[in-house]
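Novice: Can you keep this structure in mind? I'll have questions shortly.
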Amino acid sequence: MSRIIAAVKKIGRRSGWFVLVPLLTVCSGESSGPLVADPPGTVSDLAVGSTTDVSATLTFTQVDDGMGQPAKYDVRYSAGPISWDAATSVGAGSCATPVAGSGVGGSLSCTVMGLAPGTAYNFQVAAFRGSIGENAIWGGASNIAAATTTSPPPPNPVVTTVSVSPPSASVVVGATTTLQATVKDQNGNAMSGQTVTWSTDNSSAATVNSAGVVSGVAAGTAHITATSSGKSGSATITVSAAPPVVTTVSVAPPSASVVAGSTVTLQATVKDQYGNAMTGQSVTWSTNNSAAATVNSSGVVTGVAAGSATITATSSGKSGTSAITVTAAAPVVTTVTVAPPSASIVAGTTVSLQATVKDQNGNTMSGQTVGWSSDNTAAATVNSSGVVTGVAAGSATITATVSGKTGTSSITVTPVIGGGGTVLFEEDFENSNIASRGWYDNTTVQLSTTEHMTGSTASAQYHWLRGATTPTSGDSQRHKFTPSNSVYLSYYVKYSTNYVGSGQDYHPHEFYFLSTLDGDYDGPSENFLDVYVEQNYQNGGKPIVDIQDNKSVNTSRGAVPNNLVGVTENRSVSGCNGGVESGLYFECYDAGSYWYNYKQFSAPVQFQPNPGPGYKSNWNFVEVYIQLNTISNGIGQSDGIVQYWFNGNLVIDRHDIMFRTGAHANLQLNQFIIGPYIGDGSPVDQYFWVDNLRVATARIP
């Protein structure tokens, strides 16, 4: 018996455990010796399989209980470093002590519950048999397994506080200040994107909009509150009254009538932003039409002449007005003027005079009866409409009389030369010094001594290079002449054998007449009156006469084109405002900076493409006669003339043409231009030559 106890003690010392193992005595016929049990095994592969915020799953390989049976287990844990004796046995979960083994050598998995989130733990397990606290026999403590529980997700942020900055502010009436609302959650973090509503507890003192902009309304105090998700913060706003400033100026009476020479007194009332009248303010007075009414520093308005004026009172940059209508005494005829004041006409031709009647205020009087007379009917007569007819060479004074007042025009009548007109100027191009003969603008001329008329030594040469718009001699050559209601142009012209013109159904431009309403350097296309003389070559040249009066287009009576014939004399005579002629080609289009507006006369092909009569490369004789239409009782009459002769044959003959309206009754022709031009560029290198050019008042044989 002592040997068994000694053996147990020896075993206990070897295992490091000091336990008392009961003595098992076997009695039989043959003694087999004492029976001694081993201690439970020791777990060496404890591991943490997974964790949650409150649990950890442990796994290990099971050992026997020292007697060949599955051991029981005590699972202990500790936050931080573990000491078996000080560690806590698991009390919750499937790892709660005691844990029953299921099979020696098998894997056992259990879960420790009741752990704290986000905490680092150490775990150990020891096998035993028997009952803890009674007769438990223990194996050794296992290896230490460590793990940290997970942290739970933070709670969703919720609005907890709303603060307004600045917490207090001062603002004057009419001014604004902007408040800012800061929304924070339960952790004190600022929350963006929150809906904030603003309110005031005293809108009579201050209002607030949805952006937190506070407007001072009247002196007082208001609490401005910002609310988000049921939480609020506020700021105290003190509103002080702003000093009065001039806000409105009104003038009484707002309108008045006054007779020229009399007065009316206006009163200016100045008010501040509160609608209160302000006294002692400096007021300045002005008029926008001193020809009708003036005003002094006291607001006294004096009528000057019939018309209207706006009187303005100004104080500190604010203004008010009164509309003043000035009426005049009954008008009386004071002056009569005749236009043109002088004119030169050829015997047998006419010129229309216009009488302008004005009253004592300088205003034009319409509807007056005008008496016309001539002091020399042997030279010129005049009818009741002011149309003067030249009778014979001499001079006459034409008088217009209205209500005893008169105006005059001096008329010079020149004789018909050789049965034709008066020569205004001639050019034979015998030398290049054309400036000495009245040409200007471009005084460069290229002469040809090989191409010229019989008896001449040179002609003017116009040479287009391929692709060029103007000849090598340059731009327009101009010549002024005595203003006339009629012009006659004659010249000899020859074209190169390869001449094709523009290659289009328009251009080249060649010769122009401009009017007395156009400048010396205007155009040559954007004018009150252009008369073009040219030929358009399309396998043969067609004589062309164009009339263009772009500057007379009336755009004030509706969209253009707009036929104003019979509506007003303030209109053009071509496509944009309608034409009175039949059988002509009219055109009107927007050229960007102006309206392009013309009508065209043309004849069948005269310049022939092949040798023979009228061959383009022979010298051909061209004559054109233009006579402006008359004006009767301020109305343009369709009696103007356009004639074109080719080698003596009349190929265009119109006597129903309108060149001018009553709006330009005194318009005459006084400028001649040689200005060859191909807008798209010359399709070939080509020439034409001009010789023995004359401009007169009528046809000269």
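Chains: A, B, ... in order of the structure tokens. Residues: from 1 per chain. Ligands: from 1, in order shown.
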Go through region 596-694 of chain A residue by residue and, counting only C-alpha atoms, keep those with an atom at most 8 Å from region 382-402 of chain A; for each kept residue give the shortest atom pair and its distance in Å to one decimal, ordered by chain and increasing number, as CSV.

Specialist:
```
residue,atom,partner,partner_atom,distance
A:Thr630,CA,A:Val387,CA,7.8
A:Ile631,CA,A:Val387,CA,7.8
A:Ser632,CA,A:Ser385,CA,5.8
A:Asn633,CA,A:Ser385,CA,5.8
```

Novice: If you run DSSP on this backbone, which residues of region 262-506 of chain A come out as helix (DSSP H, G or I), and could you give them as a list in words?

Specialist: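 In region 262-506 of chain A, DSSP puts these residues in helix (DSSP H, G or I): Ile417, Gly418, Gly419, Ile434, Ala435, Ser436 and Arg437 of chain A.
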
Novice: Can I get the selection written as a compact mmCIF listing (two decimals), in the first residue's frame, with C-alpha atoms?

Specialist:
```txt
# COMPACT_ATOMS: atom_id res chain seq x y z
CA ILE A 417 -26.16 123.80 -129.67
CA GLY A 418 -26.46 122.39 -133.15
CA GLY A 419 -29.97 121.36 -132.40
CA ILE A 434 -6.49 114.44 -116.84
CA ALA A 435 -6.35 116.27 -113.47
CA SER A 436 -5.77 119.51 -115.38
CA ARG A 437 -9.06 118.88 -117.20
```

Novice: Please give the complete set of residues from region 58-297 of chain A that DSSP, run on the backbone, assigns to strand (DSSP E or B), formatted as a PyMOL selection string.

Specialist: chain A and resi 58-61+64+70+72-79+88-89+99-100+107-112+120-129+137-141+145-148+161-165+168-172+176-178+180-184+190+197-200+206-208+213-216+220-228+231-240+246-252+255-259+263-265+267-272+277+284-287+293-295

Novice: Dump C-alpha atoms for the selected residues as a short mmCIF file (atom, residue, chain, number, x, y, z; two decimals), in the first residue's frame?

Specialist:
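Writing the result to part.cif gives the following:
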```cif
data_model
loop_
_atom_site.label_atom_id
_atom_site.label_comp_id
_atom_site.auth_asym_id
_atom_site.auth_seq_id
_atom_site.Cartn_x
_atom_site.Cartn_y
_atom_site.Cartn_z
CA LEU A 58 -12.39 28.81 -29.78
CA THR A 59 -11.15 25.58 -31.32
CA PHE A 60 -8.75 22.90 -29.99
CA THR A 61 -7.99 19.20 -30.22
CA ASP A 64 -8.28 12.24 -22.68
CA PRO A 70 -12.84 12.34 -23.15
CA LYS A 72 -13.88 17.91 -19.46
CA TYR A 73 -12.59 21.45 -19.89
CA ASP A 74 -12.42 24.66 -17.96
CA VAL A 75 -12.18 27.65 -20.38
CA ARG A 76 -10.85 30.85 -18.86
CA TYR A 77 -10.26 34.37 -20.26
CA SER A 78 -8.80 37.65 -19.28
CA ALA A 79 -8.75 41.16 -20.79
CA THR A 88 -12.19 34.08 -15.14
CA SER A 89 -13.95 30.88 -16.16
CA VAL A 99 -17.26 21.96 -21.34
CA ALA A 100 -17.84 18.29 -22.01
CA SER A 107 -11.69 18.97 -32.73
CA LEU A 108 -13.89 20.86 -30.34
CA SER A 109 -15.31 24.27 -31.06
CA CYS A 110 -17.20 26.47 -28.62
CA THR A 111 -18.17 30.11 -28.23
CA VAL A 112 -17.37 32.52 -25.42
CA ALA A 120 -8.23 42.49 -26.56
CA TYR A 121 -8.61 39.12 -24.77
CA ASN A 122 -6.34 36.14 -23.89
CA PHE A 123 -7.84 32.66 -23.59
CA GLN A 124 -6.61 29.36 -21.94
CA VAL A 125 -8.17 25.94 -21.41
CA ALA A 126 -7.33 23.07 -19.00
CA ALA A 127 -8.66 19.49 -19.16
CA PHE A 128 -9.95 17.76 -16.03
CA ARG A 129 -11.93 14.83 -14.81
CA ILE A 137 -8.09 15.97 -11.42
CA TRP A 138 -6.46 18.55 -13.77
CA GLY A 139 -4.24 18.42 -16.77
CA GLY A 140 -1.87 21.24 -17.63
CA ALA A 141 -2.95 24.74 -18.81
CA ALA A 145 -4.82 32.24 -27.64
CA ALA A 146 -5.39 35.99 -28.19
CA ALA A 147 -8.12 37.91 -30.05
CA THR A 148 -9.83 41.29 -30.04
CA THR A 161 -27.81 71.34 -31.71
CA VAL A 162 -28.34 74.34 -34.01
CA SER A 163 -26.33 77.50 -33.41
CA VAL A 164 -26.61 80.83 -35.23
CA SER A 165 -23.72 83.20 -35.83
CA SER A 168 -26.39 89.13 -32.21
CA ALA A 169 -26.11 91.87 -34.83
CA SER A 170 -27.21 95.40 -35.59
CA VAL A 171 -28.60 96.59 -38.92
CA VAL A 172 -30.08 99.85 -40.14
CA THR A 176 -29.21 93.58 -44.65
CA THR A 177 -26.97 91.21 -42.73
CA THR A 178 -26.43 87.51 -43.33
CA GLN A 180 -25.06 81.44 -40.63
CA ALA A 181 -26.63 78.34 -39.03
CA THR A 182 -24.34 75.51 -37.82
CA VAL A 183 -26.01 72.10 -37.30
CA LYS A 184 -24.20 69.48 -35.12
CA ALA A 190 -20.98 69.67 -37.86
CA THR A 197 -35.74 77.05 -41.99
CA TRP A 198 -35.50 80.65 -40.84
CA SER A 199 -38.12 82.66 -39.03
CA THR A 200 -38.48 85.97 -37.24
CA ALA A 206 -36.76 92.55 -39.37
CA THR A 207 -37.48 89.83 -41.93
CA VAL A 208 -35.35 86.89 -42.95
CA VAL A 213 -30.37 87.14 -45.07
CA VAL A 214 -31.94 89.53 -42.57
CA SER A 215 -33.45 92.81 -43.79
CA GLY A 216 -34.04 95.72 -41.46
CA GLY A 220 -36.84 97.57 -33.09
CA THR A 221 -35.61 94.12 -32.06
CA ALA A 222 -36.29 90.72 -33.58
CA HIS A 223 -35.13 87.21 -32.78
CA ILE A 224 -34.17 85.29 -35.85
CA THR A 225 -34.49 81.52 -35.42
CA ALA A 226 -32.89 78.76 -37.47
CA THR A 227 -34.57 75.34 -37.17
CA SER A 228 -33.39 71.95 -38.42
CA LYS A 231 -33.68 71.73 -33.09
CA SER A 232 -33.30 75.50 -33.06
CA GLY A 233 -30.84 78.29 -32.49
CA SER A 234 -31.38 82.03 -32.65
CA ALA A 235 -29.73 85.42 -32.99
CA THR A 236 -30.88 88.75 -31.66
CA ILE A 237 -31.12 91.50 -34.30
CA THR A 238 -31.31 95.15 -33.35
CA VAL A 239 -32.68 97.40 -36.11
CA SER A 240 -31.94 101.11 -36.01
CA VAL A 246 -33.71 111.65 -50.93
CA THR A 247 -35.64 108.82 -52.59
CA THR A 248 -38.24 110.44 -54.83
CA VAL A 249 -38.77 113.78 -56.52
CA SER A 250 -42.19 114.61 -57.93
CA VAL A 251 -43.17 117.69 -59.93
CA ALA A 252 -46.59 119.34 -59.85
CA SER A 255 -48.16 118.31 -67.21
CA ALA A 256 -49.19 121.78 -68.29
CA SER A 257 -49.86 123.91 -71.36
CA VAL A 258 -48.50 127.39 -71.83
CA VAL A 259 -48.72 129.92 -74.63
CA THR A 263 -45.11 131.30 -67.82
CA VAL A 264 -46.21 128.54 -65.49
CA THR A 265 -44.66 127.75 -62.07
CA GLN A 267 -43.36 122.79 -57.63
CA ALA A 268 -40.93 120.00 -56.71
CA THR A 269 -41.66 117.74 -53.71
CA VAL A 270 -38.71 115.79 -52.29
CA LYS A 271 -39.39 112.69 -50.13
CA ASP A 272 -37.17 110.31 -48.15
CA ALA A 277 -41.43 115.20 -47.35
CA THR A 284 -31.97 122.07 -59.90
CA TRP A 285 -34.25 122.58 -62.89
CA SER A 286 -33.58 121.77 -66.56
CA THR A 287 -35.36 121.52 -69.92
CA ALA A 293 -39.62 126.14 -73.15
CA THR A 294 -37.03 127.33 -70.62
CA VAL A 295 -37.07 127.03 -66.82
#
```

Novice: Determine the nearest neighbour of Arg466 (chain A) from the options A:Ala309, A:Val684, A:Ala380, A:Leu564, counting only C-alpha atoms.

Specialist: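 Of A:Ala309, A:Val684, A:Ala380, A:Leu564, the one nearest Arg466 (chain A) is A:Val684, counting only C-alpha atoms.
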
Novice: Name the residues in contact with Ala355 (chain A) at a cut-off of 7 Å, using only C-alpha atoms, excluding same-chain residues fewer than 2 positions from it; report them as an NGL selection string.

Specialist: :A and (336-339 or 353 or 357 or 400)

Novice: Convert the current residue selection to file output with C-alpha atoms, as a compact mmCIF listing (two decimals), in the first residue's frame.

Specialist:
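The file below, result_20.txt, is the result:
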```txt
# COMPACT_ATOMS: atom_id res chain seq x y z
CA VAL A 336 -40.95 132.56 -98.68
CA THR A 337 -37.87 130.83 -100.07
CA VAL A 338 -37.48 129.20 -103.47
CA ALA A 339 -35.28 126.19 -104.16
CA LEU A 353 -39.00 124.99 -108.31
CA VAL A 357 -43.42 129.13 -96.65
CA ALA A 400 -43.10 132.90 -105.68
```

Novice: Name the residues in contact with region 535-541 of chain A at a cut-off of 10 Å, using only C-alpha atoms, excluding same-chain residues fewer than 5 positions from it; report them as a list in words.

Specialist: Tyr499, Val500, Gly501, Ser502, Gly503, Gln504, Asp505, Tyr506, His507, Pro508, His509, Glu510, Phe511, Ser602, Ala603, Pro604, Val605, Gln606, Phe607, Gln608, Pro609, Asn610, Gly614, Tyr615 and Lys616 of chain A

Novice: Between CA of His479 (chain A) and CA of Phe672 (chain A), what is the distance, to one decimal in Å?

Specialist: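 Separating CA of His479 (chain A) from CA of Phe672 (chain A) is a distance of 5.2 Å.
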
Novice: Tell me, in Å to one decimal, how far CA of Tyr585 (chain A) is from CA of Arg654 (chain A).

Specialist: 13.7 Å

Novice: Applying 9 Å and only C-alpha atoms, which residues near region 447-464 of chain A remain after dropping the ones on its own chain fewer than 6 positions away? List them as an mmCIF file with N, CA and C atoms, in the first residue's frame.

Specialist:
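What ended up in part.cif:
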```cif
data_model
loop_
_atom_site.group_PDB
_atom_site.id
_atom_site.type_symbol
_atom_site.label_atom_id
_atom_site.label_comp_id
_atom_site.auth_asym_id
_atom_site.auth_seq_id
_atom_site.Cartn_x
_atom_site.Cartn_y
_atom_site.Cartn_z
ATOM 1 N N ASP A 428 -10.909 113.609 -124.624
ATOM 2 C CA ASP A 428 -10.420 112.821 -125.759
ATOM 3 C C ASP A 428 -9.242 111.937 -125.387
ATOM 4 N N PHE A 429 -8.718 112.066 -124.144
ATOM 5 C CA PHE A 429 -7.621 111.232 -123.656
ATOM 6 C C PHE A 429 -6.386 111.312 -124.561
ATOM 7 N N GLU A 430 -6.105 112.549 -125.032
ATOM 8 C CA GLU A 430 -4.925 112.705 -125.876
ATOM 9 C C GLU A 430 -3.635 112.755 -125.061
ATOM 10 N N ASN A 431 -3.752 113.058 -123.783
ATOM 11 C CA ASN A 431 -2.597 112.960 -122.884
ATOM 12 C C ASN A 431 -3.101 112.538 -121.515
ATOM 13 N N SER A 432 -2.159 112.158 -120.643
ATOM 14 C CA SER A 432 -2.547 111.556 -119.363
ATOM 15 C C SER A 432 -2.771 112.574 -118.254
ATOM 16 N N THR A 470 -10.760 95.562 -110.137
ATOM 17 C CA THR A 470 -10.615 96.862 -110.784
ATOM 18 C C THR A 470 -9.460 96.813 -111.767
ATOM 19 N N PRO A 471 -9.448 97.701 -112.758
ATOM 20 C CA PRO A 471 -8.373 97.705 -113.750
ATOM 21 C C PRO A 471 -7.043 98.133 -113.128
ATOM 22 N N THR A 472 -5.986 97.947 -113.897
ATOM 23 C CA THR A 472 -4.648 98.333 -113.427
ATOM 24 C C THR A 472 -4.520 99.835 -113.276
ATOM 25 N N SER A 473 -5.422 100.604 -113.884
ATOM 26 C CA SER A 473 -5.374 102.065 -113.747
ATOM 27 C C SER A 473 -5.945 102.533 -112.416
ATOM 28 N N TYR A 492 -16.902 106.506 -127.684
ATOM 29 C CA TYR A 492 -16.549 105.370 -128.525
ATOM 30 C C TYR A 492 -15.881 104.333 -127.627
ATOM 31 N N LYS A 494 -14.199 100.129 -127.459
ATOM 32 C CA LYS A 494 -13.734 98.921 -128.125
ATOM 33 C C LYS A 494 -13.305 97.935 -127.050
ATOM 34 N N TRP A 619 -14.543 99.703 -133.009
ATOM 35 C CA TRP A 619 -14.956 100.915 -132.300
ATOM 36 C C TRP A 619 -16.452 101.122 -132.545
ATOM 37 N N PRO A 676 -14.699 101.204 -113.798
ATOM 38 C CA PRO A 676 -14.854 99.787 -114.158
ATOM 39 C C PRO A 676 -14.679 98.883 -112.936
ATOM 40 N N ILE A 678 -15.560 94.625 -111.486
ATOM 41 C CA ILE A 678 -16.117 93.270 -111.555
ATOM 42 C C ILE A 678 -16.062 92.702 -110.142
ATOM 43 N N GLY A 681 -14.310 89.397 -109.548
ATOM 44 C CA GLY A 681 -12.983 89.265 -110.135
ATOM 45 C C GLY A 681 -13.068 88.876 -111.605
ATOM 46 N N SER A 682 -12.188 89.437 -112.409
ATOM 47 C CA SER A 682 -12.214 89.179 -113.849
ATOM 48 C C SER A 682 -11.882 87.719 -114.131
ATOM 49 N N VAL A 684 -10.831 86.511 -116.942
ATOM 50 C CA VAL A 684 -9.676 86.426 -117.850
ATOM 51 C C VAL A 684 -8.917 87.741 -117.794
ATOM 52 N N ASP A 685 -7.744 87.753 -118.416
ATOM 53 C CA ASP A 685 -6.978 88.981 -118.613
ATOM 54 C C ASP A 685 -7.578 89.680 -119.836
ATOM 55 N N GLN A 686 -8.241 90.840 -119.640
ATOM 56 C CA GLN A 686 -9.010 91.455 -120.729
ATOM 57 C C GLN A 686 -8.942 92.977 -120.665
ATOM 58 N N TYR A 687 -9.282 93.629 -121.810
ATOM 59 C CA TYR A 687 -9.168 95.079 -121.957
ATOM 60 C C TYR A 687 -10.463 95.659 -122.520
ATOM 61 N N PHE A 688 -10.627 96.991 -122.280
ATOM 62 C CA PHE A 688 -11.472 97.783 -123.165
ATOM 63 C C PHE A 688 -10.920 99.202 -123.200
ATOM 64 N N TRP A 689 -11.257 99.932 -124.304
ATOM 65 C CA TRP A 689 -10.707 101.252 -124.551
ATOM 66 C C TRP A 689 -11.850 102.233 -124.786
ATOM 67 N N VAL A 690 -11.667 103.490 -124.337
ATOM 68 C CA VAL A 690 -12.674 104.540 -124.467
ATOM 69 C C VAL A 690 -12.022 105.745 -125.123
ATOM 70 N N ASP A 691 -12.733 106.377 -126.087
ATOM 71 C CA ASP A 691 -12.203 107.553 -126.772
ATOM 72 C C ASP A 691 -13.340 108.526 -127.043
ATOM 73 N N ASN A 692 -12.953 109.837 -127.167
ATOM 74 C CA ASN A 692 -13.878 110.910 -127.557
ATOM 75 C C ASN A 692 -15.163 110.884 -126.720
#
```

Novice: Could you tell me how far CA of Tyr598 (chain A) sits from CA of Asp546 (chain A), in Å to one decimal place?

Specialist: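 Rounded to one decimal, the two atoms are 6.8 Å apart.
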
Novice: From the options A:Asp656, A:Asp520, A:Asp530, A:Glu426, which residue's atoms come nearest to Leu584 (chain A), counting only C-alpha atoms?

Specialist: A:Asp656
